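Below: one structure, written as structure tokens.
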Amino acid sequence: MTSVSVVAVGGGGGGGRLSYAPGGGGALGYRNNISVTPGNSYTVVVGAGGTGGAPTGTDGGNSTFNSTTVVANGGKAATSTTGGAGGTYSGSCVAGGNGSIVTGK
């Protein structure tokens with residue numbers, strides 16, 4: 001048996017074009033010593049960044065390893081007047097960091 005360590009970062013949220021408010025940052029999550037079997041396939045998803053929009057953008061995508069083992073959620077899009085909320089980490093992550101909640105223009 002073999003193990004891997006995984007770090008995932010979610011995509012950042014898109015900004016609002018009319019308000020110039022920025023999107024929230026994607027979360028970071030990690031876990032060490034995940035058991036894997038040589039020759040088996042494991043799904044890795046890299047979350048795309050959100051796009052800017054008028055008046056609001058789109059949310060950032062989630063990044064995952066093996067569906068729910070390590071999950072770093074994408075940041076939220078800006079609204080027409082405020083910046084987007086940061087993403088959170090979940091799954092069986094041992095630690096991580098939530099994305100920035102952006103409030104300035």
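Ordered as shown in the structure tokens, chains take letters A, B, and onward, while each chain numbers its residues from 1 and ligands are numbered from 1 in the order shown.
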
**Request:** Find the residues around segment 73-76 of chain A up to 8 Å (only C-alpha atoms counted), leave out those fewer than 3 positions away in its own chain, and share them as an NGL selection string.
**Result:** :A and (9-14 or 23-28 or 47 or 49 or 58-63 or 84-90 or 99)

Can those selected residues be exported to a file as a short mmCIF file (atom, residue, chain, number, x, y, z; two decimals), in the first residue's frame so that it contains C-alpha atoms?
data_model
loop_
_atom_site.label_atom_id
_atom_site.label_comp_id
_atom_site.auth_asym_id
_atom_site.auth_seq_id
_atom_site.Cartn_x
_atom_site.Cartn_y
_atom_site.Cartn_z
CA VAL A 9 -7.33 25.20 -3.77
CA GLY A 10 -10.77 26.27 -4.98
CA GLY A 11 -11.23 28.76 -7.81
CA GLY A 12 -11.78 32.41 -6.92
CA GLY A 13 -15.18 34.00 -7.43
CA GLY A 14 -15.80 36.41 -10.28
CA GLY A 23 -14.96 38.02 -5.99
CA GLY A 24 -14.04 36.01 -2.88
CA GLY A 25 -10.92 33.84 -2.68
CA GLY A 26 -11.08 30.07 -3.02
CA ALA A 27 -10.39 27.90 0.03
CA LEU A 28 -7.35 25.70 0.60
CA GLY A 47 -12.00 24.25 -9.87
CA GLY A 49 -12.15 30.64 -11.47
CA THR A 58 -20.12 33.65 -11.16
CA ASP A 59 -18.86 31.53 -8.26
CA GLY A 60 -15.48 29.80 -8.42
CA GLY A 61 -15.41 26.03 -8.89
CA ASN A 62 -14.65 23.45 -6.22
CA SER A 63 -11.37 21.51 -6.31
CA GLY A 84 -17.83 37.92 -2.67
CA ALA A 85 -17.46 35.63 0.35
CA GLY A 86 -14.48 33.30 0.57
CA GLY A 87 -14.81 29.55 0.02
CA THR A 88 -14.50 26.99 2.83
CA TYR A 89 -12.72 23.64 3.02
CA SER A 90 -14.53 20.39 3.80
CA GLY A 99 -10.84 32.08 1.29
#

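The spacing separating atom CA of Asn66 of chain A from atom CA of Gly50 of chain A amounts to 22.5 Å.
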
**Message:** Please compute the atom CA of Thr43 of chain A-atom CA of Val6 of chain A distance, one decimal, in Å.
**Reply:** 12.1 Å

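Each of A:Ala54, A:Ala77, A:Thr2, A:Thr68 was compared to Ile34 of chain A using only C-alpha atoms, and A:Thr2 turns out to be the nearest.
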
**Selection near Thr56 of chain A, 8 Å with only C-alpha atoms, sequence-local residues under 6 positions removed, as a ChimeraX atom specification** = /A:14-18,77-80

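With atom CA of Ser92 of chain A on one side and atom CA of Asn32 of chain A on the other, the separation reads 10.4 Å.
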
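Closest approach to Pro22 of chain A from the set A:Ala72, A:Ser5, A:Gly53, A:Thr37 is made by A:Gly53, with distances taken over only C-alpha atoms.
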
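Comparing A:Val4, A:Ala21, A:Gly57, A:Val70 by their smallest distance to Val45 of chain A, the closest is A:Val70 (using only C-alpha atoms).
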